[in-house]
Structure formats: structure tokens, C-alpha cells
Amino acid sequence: MLPGGSERSAPDDLRQLTPHHATRTRFAGRTGPLAALDTGPGPRGTILLVAGFTGSKEDFAPLLDPVAAAGWRVVAIDQRGQFESPGPDDEAAYTVDQLAADVLAVATELHGTGPLHLLGHSFGGIVARAAVLADPGTFASLTLLGSGPVGLTGPRADLLDHLAPLLAAGGVPLVHRTLEELALTDPLAAAVPAPVREFLARRFLANDAAGLTGMAAAMTGEPDRVAELRATGVPVLVAHGVDDDAWTPAAQEDMAHRLGAQHEVIGGSVHSPAIEQPVRTVELLTGFWAGVPAGVDA
């Protein structure tokens with residue numbers, strides 16, 4: 001699976017298909033509507049969740065009801081070109097800054113719903129960081145979940161090198177077939193329940209081809225902006241799986257130290273703690289948000 005996916009999970013849960021009570025809705029992005037799940041008003045403020053590359057709002061499904069029950073409104077979005085959010089047929093429309101502008105547009109719609117806490121998973125963390133850097137006063141806090149200080153490197157980045165020729169040869173369907181063939185060699189991927197596999201296939205095939213190419217370039221080309229983020233003064237939580245195979249745990253720990261941020265390692269998790277270890281992830285997140293000083297009202 002490309003970065004942002006979640007096949008590397010225990011096979012005995014529903015993951016993206018976890019039942020919840022959030023409402024399906026849309027927010028206005030800069031180039032079109034952004035599909036979202038929204039749990040409705042919460043007395044403690046709002047949590048805005050941004051999915052990673054090839055991911056979607058459903059990657060947060062196990063968190064929605066528990067976080068809402070703890071008192072927050074929870075809004076999870078598909079970024080432009082992902083799953084149910086349409087995107088422009090132009091690779092140049094998927095830079096980090098333009099994707100961050102969508103996040104800020106959603107934040108504007110959420111203005112007045114109390115403190116607004118932002119979380120980005122994987123590539124969504126890079127986008128969320130850019131949104132905070134563009135307008136730090138909008139956000140009460142930032143959580144980087146399985147995200148890193150610079151552009152992606154390593155095996156997952158190597159996989160992205162094959163993306164452009166595959167898209168040119170056969171579009172998104174050929175990319176999907178190739179990834180499915182690779183997944184056959186992974187016992188964890190093979191053990192994923194059939195309904196989840198069907199959902200993941202449908203979601204991947206809905207990706208915009210230009211979006212895949214543009215986001216891949218954005219994700220691998222991101223510079224180190226850790227010092228800029230620290231200078232904003234926005235409270236940050238860095239959390240990741242103990243066996244993260246995208247940005248290394250060591251790189252994320254170093255980022256947390258450089259930020260002066262809270263750092264949490266989630267046992268039994270690889271790259272998608274919200275799916276792989278939802279109970280522990282909810283505990284960490286709600287504890288962090290509850291401890292952020294009051295005073296920021298988006």
C-alpha cells in the first residue's frame with residue numbers, strides 16, 4: 001500500500017468500516033467541495049482530522065464516537081482528489097501549500113465552534129503543519145500522527161518512484177492492480193477481511209490521477225520546517241506507532257525533541273495508530289487536547 005494506507009493492521013477489526021454516528025457532509029475547499037464526516041457540536045471545541053496520501057476520512061472511523069463522547073466535535077475530511085472529494089485534473093494543484101489552503105478554508109467554516117485542534121496523519125501531517133505555519137492563530141494545537149520532519153524517504157518513497165510510469169501506462173487501475181499484486185506477498189495484507197479490502201479498493205480507484213502524482217511529489221519534496229513550526233508557539237503532539245515504516249520512529253522522536261513537543265509511542269502499531277490501536281490512540285489524543293491551555297477560539 002502507498003503511504004497513508006492501513007493494510008498493515010491486525011486482521012480482526014473493522015478499521016475504516018467501524019460503525020459511528022458521524023454525519024456525512026461537505027465543506028467548501030478552494031477548488032471544490034471536500035467530503036467529510038462530522039459528529040456535530042461538542043462543548044469542548046472541535047477536532048479537525050486530515051487524512052494521508054491515498055487515505056480518507058474513514059481512516060479515523062474508530063476515533064469518531066469515542067472522541068465525540070469525550071466532549072469534542074470531530075470533523076474528518078478527504079483532501080482534494082481523494083476518495084469522495086473531487087480534485088482538479090492538474091498536478092500543480094496538489095502542492096502542500098494549496099492543500100493547506102483547503103484545511104484553512106474548512107477551519108474558517110468551523111470558526112466559532114470553540115478551540116480548534118488540528119491533526120494530520122502521515123502526509124496529512126505535512127499539510128496540517130503548513131496550515132499552522134500559514135495561520136498559527138487559527139489553531140489551538142497540532143498533532144502529527146505518523147508524520148515526519150521532511151519529505152518521505154526509504155522504501156515507501158522508492159515505491160512512489162514507480163507511480164508516474166504506471167499512471168502513464170494504465171492510469172489509477174494499473175497502479176491499483178500492481179499494489180494488489182505486491183500485497184499478496186504480505187501475510188498481514190492478505191488477512192484483511194474481505195469487506196475492508198473491497199472498501200480500500202473502491203477508495204483507491206476513486207483517487208484522481210493528477211492528485212496522486214502531485215501529492216507524491218509534494219510528499220517527497222517537503223523541506224524541513226521544524227524550526228518554523230516551533231517558532232509559532234502552537235502546542236504540538238508527535239505520536240506514532242512503535243514500528244512505523246514510513247518516517248522512522250527515530251526521525252519522529254528527534255522532531256519532537258526539536259519542537260519541544262510531547263512525544264508518544266503507540267505500542268502494537270505500525271503506521272496507522274487510529275486503525276491499529278484506536279483505544280490507546282483516543283486516550284493519548286484526548287489527554288493532550290484536554291491539557292492544551294484555553295484561550296484559542298477558532
# chains A, B, ... in the order shown; residues from 1 in each chain; ligands from 1

$ closest_atom_pairs --of "stretch 209-271 of chain A" --to "stretch 75-94 of chain A" --cutoff "7 Å" --atoms "only C-alpha atoms" --output "JSON lines"
{"residue": "A:Ala210", "atom": "CA", "partner": "A:Glu91", "partner_atom": "CA", "distance": 4.7}
{"residue": "A:Gly211", "atom": "CA", "partner": "A:Gly81", "partner_atom": "CA", "distance": 5.4}
{"residue": "A:Thr213", "atom": "CA", "partner": "A:Glu91", "partner_atom": "CA", "distance": 6.3}
{"residue": "A:Gly214", "atom": "CA", "partner": "A:Glu91", "partner_atom": "CA", "distance": 4.4}
{"residue": "A:Met215", "atom": "CA", "partner": "A:Tyr94", "partner_atom": "CA", "distance": 5.6}

$ residues_around --residues "A:Asp224" --least-positions-apart "3" --cutoff "10 Å" --atoms "only C-alpha atoms" --output "VMD selection string"
chain A and resid 148 to 151 221 227 to 229 255

$ write_last_selection --atoms "N, CA and C atoms" --output "short mmCIF file (atom, residue, chain, number, x, y, z; two decimals), in the first residue's frame"
data_model
loop_
_atom_site.label_atom_id
_atom_site.label_comp_id
_atom_site.auth_asym_id
_atom_site.auth_seq_id
_atom_site.Cartn_x
_atom_site.Cartn_y
_atom_site.Cartn_z
N GLY A 148 6.43 13.12 9.54
CA GLY A 148 7.83 13.38 9.78
C GLY A 148 8.24 14.82 9.54
N PRO A 149 9.53 15.11 9.76
CA PRO A 149 10.02 16.48 9.67
C PRO A 149 10.29 16.95 8.25
N VAL A 150 10.55 16.01 7.34
CA VAL A 150 10.91 16.35 5.96
C VAL A 150 10.19 15.39 5.03
N GLY A 151 10.43 15.56 3.72
CA GLY A 151 9.83 14.67 2.75
C GLY A 151 10.15 13.21 3.01
N GLY A 221 9.14 15.94 -1.62
CA GLY A 221 9.94 17.15 -1.78
C GLY A 221 9.84 18.14 -0.65
N ALA A 227 11.86 24.10 12.68
CA ALA A 227 12.16 25.34 13.41
C ALA A 227 11.06 26.37 13.23
N GLU A 228 10.51 26.46 12.01
CA GLU A 228 9.41 27.39 11.76
C GLU A 228 8.20 27.04 12.62
N LEU A 229 7.91 25.73 12.69
CA LEU A 229 6.75 25.31 13.48
C LEU A 229 6.95 25.63 14.95
N MET A 255 12.30 14.87 15.83
CA MET A 255 11.44 16.01 15.51
C MET A 255 10.74 16.52 16.77
#

$ closest_residue --among "A:Leu188, A:Ala209, A:Glu264, A:Ala246" --to "A:Ala169" --atoms "only C-alpha atoms"
A:Ala209

$ select_by_dssp --residues "stretch 56-148 of chain A" --states "alpha helix (DSSP H)" --output "PyMOL selection string"
chain A and resi 61-69+96-109+123-134

$ closest_residue --among "A:Phe60, A:Phe288, A:Phe27, A:Trp247" --to "A:Arg156" --atoms "only C-alpha atoms"
A:Trp247

$ closest_residue --among "A:Pro41, A:Pro273, A:Pro155, A:Pro173" --to "A:Asp245" --atoms "only C-alpha atoms"
A:Pro155

$ residues_around --residues "A:Arg24" --least-positions-apart "2" --cutoff "8 Å" --atoms "only C-alpha atoms" --output "PDB file with all heavy atoms, in the first residue's frame"
ATOM      1  N   ALA A  22     -21.273   9.722  13.094  1.00  0.00           N
ATOM      2  CA  ALA A  22     -20.986  10.977  12.387  1.00  0.00           C
ATOM      3  C   ALA A  22     -21.849  11.096  11.138  1.00  0.00           C
ATOM      4  O   ALA A  22     -22.219  10.098  10.516  1.00  0.00           O
ATOM      5  CB  ALA A  22     -19.510  11.041  12.014  1.00  0.00           C
ATOM      6  N   ARG A  26     -20.243  17.999   3.608  1.00  0.00           N
ATOM      7  CA  ARG A  26     -19.198  18.585   2.765  1.00  0.00           C
ATOM      8  C   ARG A  26     -18.853  19.973   3.286  1.00  0.00           C
ATOM      9  O   ARG A  26     -19.711  20.683   3.814  1.00  0.00           O
ATOM     10  CB  ARG A  26     -19.641  18.684   1.295  1.00  0.00           C
ATOM     11  CG  ARG A  26     -19.789  17.327   0.614  1.00  0.00           C
ATOM     12  CD  ARG A  26     -20.172  17.457  -0.850  1.00  0.00           C
ATOM     13  NE  ARG A  26     -20.298  16.156  -1.482  1.00  0.00           N
ATOM     14  CZ  ARG A  26     -19.289  15.495  -2.042  1.00  0.00           C
ATOM     15  NH1 ARG A  26     -18.079  16.030  -2.038  1.00  0.00           N
ATOM     16  NH2 ARG A  26     -19.488  14.310  -2.589  1.00  0.00           N
ATOM     17  N   ALA A  35     -15.382  16.233   0.978  1.00  0.00           N
ATOM     18  CA  ALA A  35     -16.235  15.296   1.701  1.00  0.00           C
ATOM     19  C   ALA A  35     -15.749  15.163   3.135  1.00  0.00           C
ATOM     20  O   ALA A  35     -14.545  15.189   3.405  1.00  0.00           O
ATOM     21  CB  ALA A  35     -16.217  13.944   1.008  1.00  0.00           C
ATOM     22  N   ALA A  36     -16.685  15.008   4.055  1.00  0.00           N
ATOM     23  CA  ALA A  36     -16.331  14.988   5.472  1.00  0.00           C
ATOM     24  C   ALA A  36     -17.277  14.116   6.270  1.00  0.00           C
ATOM     25  O   ALA A  36     -18.393  13.805   5.835  1.00  0.00           O
ATOM     26  CB  ALA A  36     -16.352  16.413   6.027  1.00  0.00           C
ATOM     27  N   LEU A  37     -16.807  13.730   7.438  1.00  0.00           N
ATOM     28  CA  LEU A  37     -17.635  13.129   8.481  1.00  0.00           C
ATOM     29  C   LEU A  37     -17.629  14.090   9.657  1.00  0.00           C
ATOM     30  O   LEU A  37     -16.571  14.596  10.051  1.00  0.00           O
ATOM     31  CB  LEU A  37     -17.068  11.771   8.905  1.00  0.00           C
ATOM     32  CG  LEU A  37     -17.105  10.672   7.848  1.00  0.00           C
ATOM     33  CD1 LEU A  37     -16.294   9.467   8.304  1.00  0.00           C
ATOM     34  CD2 LEU A  37     -18.557  10.258   7.559  1.00  0.00           C
ATOM     35  N   ASP A  38     -18.798  14.367  10.228  1.00  0.00           N
ATOM     36  CA  ASP A  38     -18.942  15.398  11.257  1.00  0.00           C
ATOM     37  C   ASP A  38     -19.824  14.854  12.373  1.00  0.00           C
ATOM     38  O   ASP A  38     -20.972  14.478  12.145  1.00  0.00           O
ATOM     39  CB  ASP A  38     -19.563  16.647  10.627  1.00  0.00           C
ATOM     40  CG  ASP A  38     -19.633  17.834  11.568  1.00  0.00           C
ATOM     41  OD1 ASP A  38     -19.364  17.681  12.769  1.00  0.00           O
ATOM     42  OD2 ASP A  38     -19.967  18.937  11.082  1.00  0.00           O
TER      43      ASP A  38
END

$ atom_distance --atom1 "atom CA of A:Pro62" --atom2 "atom CA of A:Pro19"
7.7 Å

$ closest_atom_pairs --of "stretch 27-86 of chain A" --to "stretch 109-112 of chain A" --cutoff "10 Å" --atoms "only C-alpha atoms" --output "tab-separated table"
residue	atom	partner	partner_atom	distance
A:Phe27	CA	A:Glu109	CA	7.5
A:Ala28	CA	A:Glu109	CA	8.1
A:Gly45	CA	A:Gly112	CA	9.1
A:Thr46	CA	A:Leu110	CA	7.9
A:Ile47	CA	A:Leu110	CA	9.8
A:Leu48	CA	A:Leu110	CA	9.1
A:Val75	CA	A:Leu110	CA	9.3

$ closest_residue --among "A:Gly260, A:Pro278, A:Gly71, A:Pro235" --to "A:Leu119" --atoms "only C-alpha atoms"
A:Pro235

$ select_by_dssp --residues "stretch 72-178 of chain A" --states "strand (DSSP E or B)" --output "number ranges by chain"
A: 73-77, 116-121, 141-145

$ residues_around --residues "A:Val103" --least-positions-apart "2" --cutoff "9 Å" --atoms "only C-alpha atoms" --output "PyMOL selection string"
chain A and resi 29+48+50+77+79+99-101+105-108+127-128+131

$ write_last_selection --atoms "all heavy atoms" --output "short mmCIF file (atom, residue, chain, number, x, y, z; two decimals), in the first residue's frame"
data_model
loop_
_atom_site.label_atom_id
_atom_site.label_comp_id
_atom_site.auth_asym_id
_atom_site.auth_seq_id
_atom_site.Cartn_x
_atom_site.Cartn_y
_atom_site.Cartn_z
N GLY A 29 -13.88 23.64 -0.12
CA GLY A 29 -12.45 23.78 -0.33
C GLY A 29 -12.16 24.88 -1.33
O GLY A 29 -13.07 25.52 -1.86
N LEU A 48 -10.21 18.77 14.00
CA LEU A 48 -10.20 18.63 12.54
C LEU A 48 -9.12 17.63 12.16
O LEU A 48 -7.94 17.82 12.48
CB LEU A 48 -9.94 19.99 11.88
CG LEU A 48 -9.80 20.01 10.36
CD1 LEU A 48 -11.02 19.41 9.68
CD2 LEU A 48 -9.57 21.45 9.87
N VAL A 50 -7.10 15.33 9.25
CA VAL A 50 -6.70 15.37 7.85
C VAL A 50 -6.01 14.06 7.49
O VAL A 50 -5.00 13.69 8.09
CB VAL A 50 -5.75 16.55 7.58
CG1 VAL A 50 -5.40 16.63 6.09
CG2 VAL A 50 -6.39 17.87 8.04
N ILE A 77 -11.85 14.91 7.09
CA ILE A 77 -12.05 15.27 5.68
C ILE A 77 -11.22 14.39 4.74
O ILE A 77 -10.17 13.88 5.11
CB ILE A 77 -11.70 16.75 5.42
CG1 ILE A 77 -10.21 17.02 5.72
CG2 ILE A 77 -12.60 17.67 6.22
CD1 ILE A 77 -9.74 18.41 5.28
N GLN A 79 -8.98 14.94 1.56
CA GLN A 79 -8.34 16.04 0.85
C GLN A 79 -8.79 16.05 -0.61
O GLN A 79 -9.33 15.06 -1.12
CB GLN A 79 -6.83 15.92 0.94
CG GLN A 79 -6.30 16.04 2.36
CD GLN A 79 -4.82 16.32 2.39
OE1 GLN A 79 -4.37 17.40 1.99
NE2 GLN A 79 -4.04 15.35 2.85
N LEU A 99 -2.96 22.46 -0.67
CA LEU A 99 -3.74 21.55 0.17
C LEU A 99 -3.98 22.16 1.55
O LEU A 99 -5.07 22.01 2.13
CB LEU A 99 -3.03 20.21 0.27
CG LEU A 99 -2.90 19.43 -1.04
CD1 LEU A 99 -1.92 18.27 -0.88
CD2 LEU A 99 -4.26 18.91 -1.51
N ALA A 100 -2.97 22.84 2.07
CA ALA A 100 -3.13 23.52 3.36
C ALA A 100 -4.19 24.61 3.28
O ALA A 100 -4.90 24.88 4.26
CB ALA A 100 -1.80 24.11 3.82
N ALA A 101 -4.31 25.26 2.12
CA ALA A 101 -5.34 26.28 1.94
C ALA A 101 -6.74 25.68 2.08
O ALA A 101 -7.66 26.34 2.58
CB ALA A 101 -5.19 26.97 0.59
N ALA A 105 -9.59 26.70 4.73
CA ALA A 105 -10.96 27.01 4.33
C ALA A 105 -11.96 26.29 5.22
O ALA A 105 -12.98 26.86 5.63
CB ALA A 105 -11.18 26.61 2.86
N VAL A 106 -11.68 25.03 5.54
CA VAL A 106 -12.55 24.29 6.46
C VAL A 106 -12.50 24.93 7.85
O VAL A 106 -13.54 25.09 8.51
CB VAL A 106 -12.14 22.81 6.53
CG1 VAL A 106 -13.00 22.08 7.56
CG2 VAL A 106 -12.29 22.15 5.16
N ALA A 107 -11.32 25.33 8.27
CA ALA A 107 -11.18 25.98 9.58
C ALA A 107 -12.03 27.25 9.66
O ALA A 107 -12.62 27.55 10.70
CB ALA A 107 -9.72 26.29 9.85
N THR A 108 -12.10 27.97 8.55
CA THR A 108 -12.92 29.18 8.51
C THR A 108 -14.40 28.83 8.72
O THR A 108 -15.12 29.52 9.45
CB THR A 108 -12.73 29.90 7.17
OG1 THR A 108 -11.37 30.31 7.05
CG2 THR A 108 -13.64 31.12 7.08
N VAL A 127 0.66 18.50 5.48
CA VAL A 127 -0.33 19.51 5.06
C VAL A 127 -0.81 20.31 6.27
O VAL A 127 -0.91 21.54 6.23
CB VAL A 127 -1.50 18.82 4.34
CG1 VAL A 127 -2.63 19.82 4.06
CG2 VAL A 127 -1.02 18.18 3.04
N ALA A 128 -1.11 19.61 7.37
CA ALA A 128 -1.58 20.30 8.57
C ALA A 128 -0.51 21.24 9.10
O ALA A 128 -0.82 22.36 9.55
CB ALA A 128 -1.96 19.28 9.64
N ALA A 131 -0.63 24.38 7.19
CA ALA A 131 -1.78 25.21 7.57
C ALA A 131 -1.48 26.01 8.83
O ALA A 131 -1.82 27.20 8.93
CB ALA A 131 -3.01 24.34 7.76
#
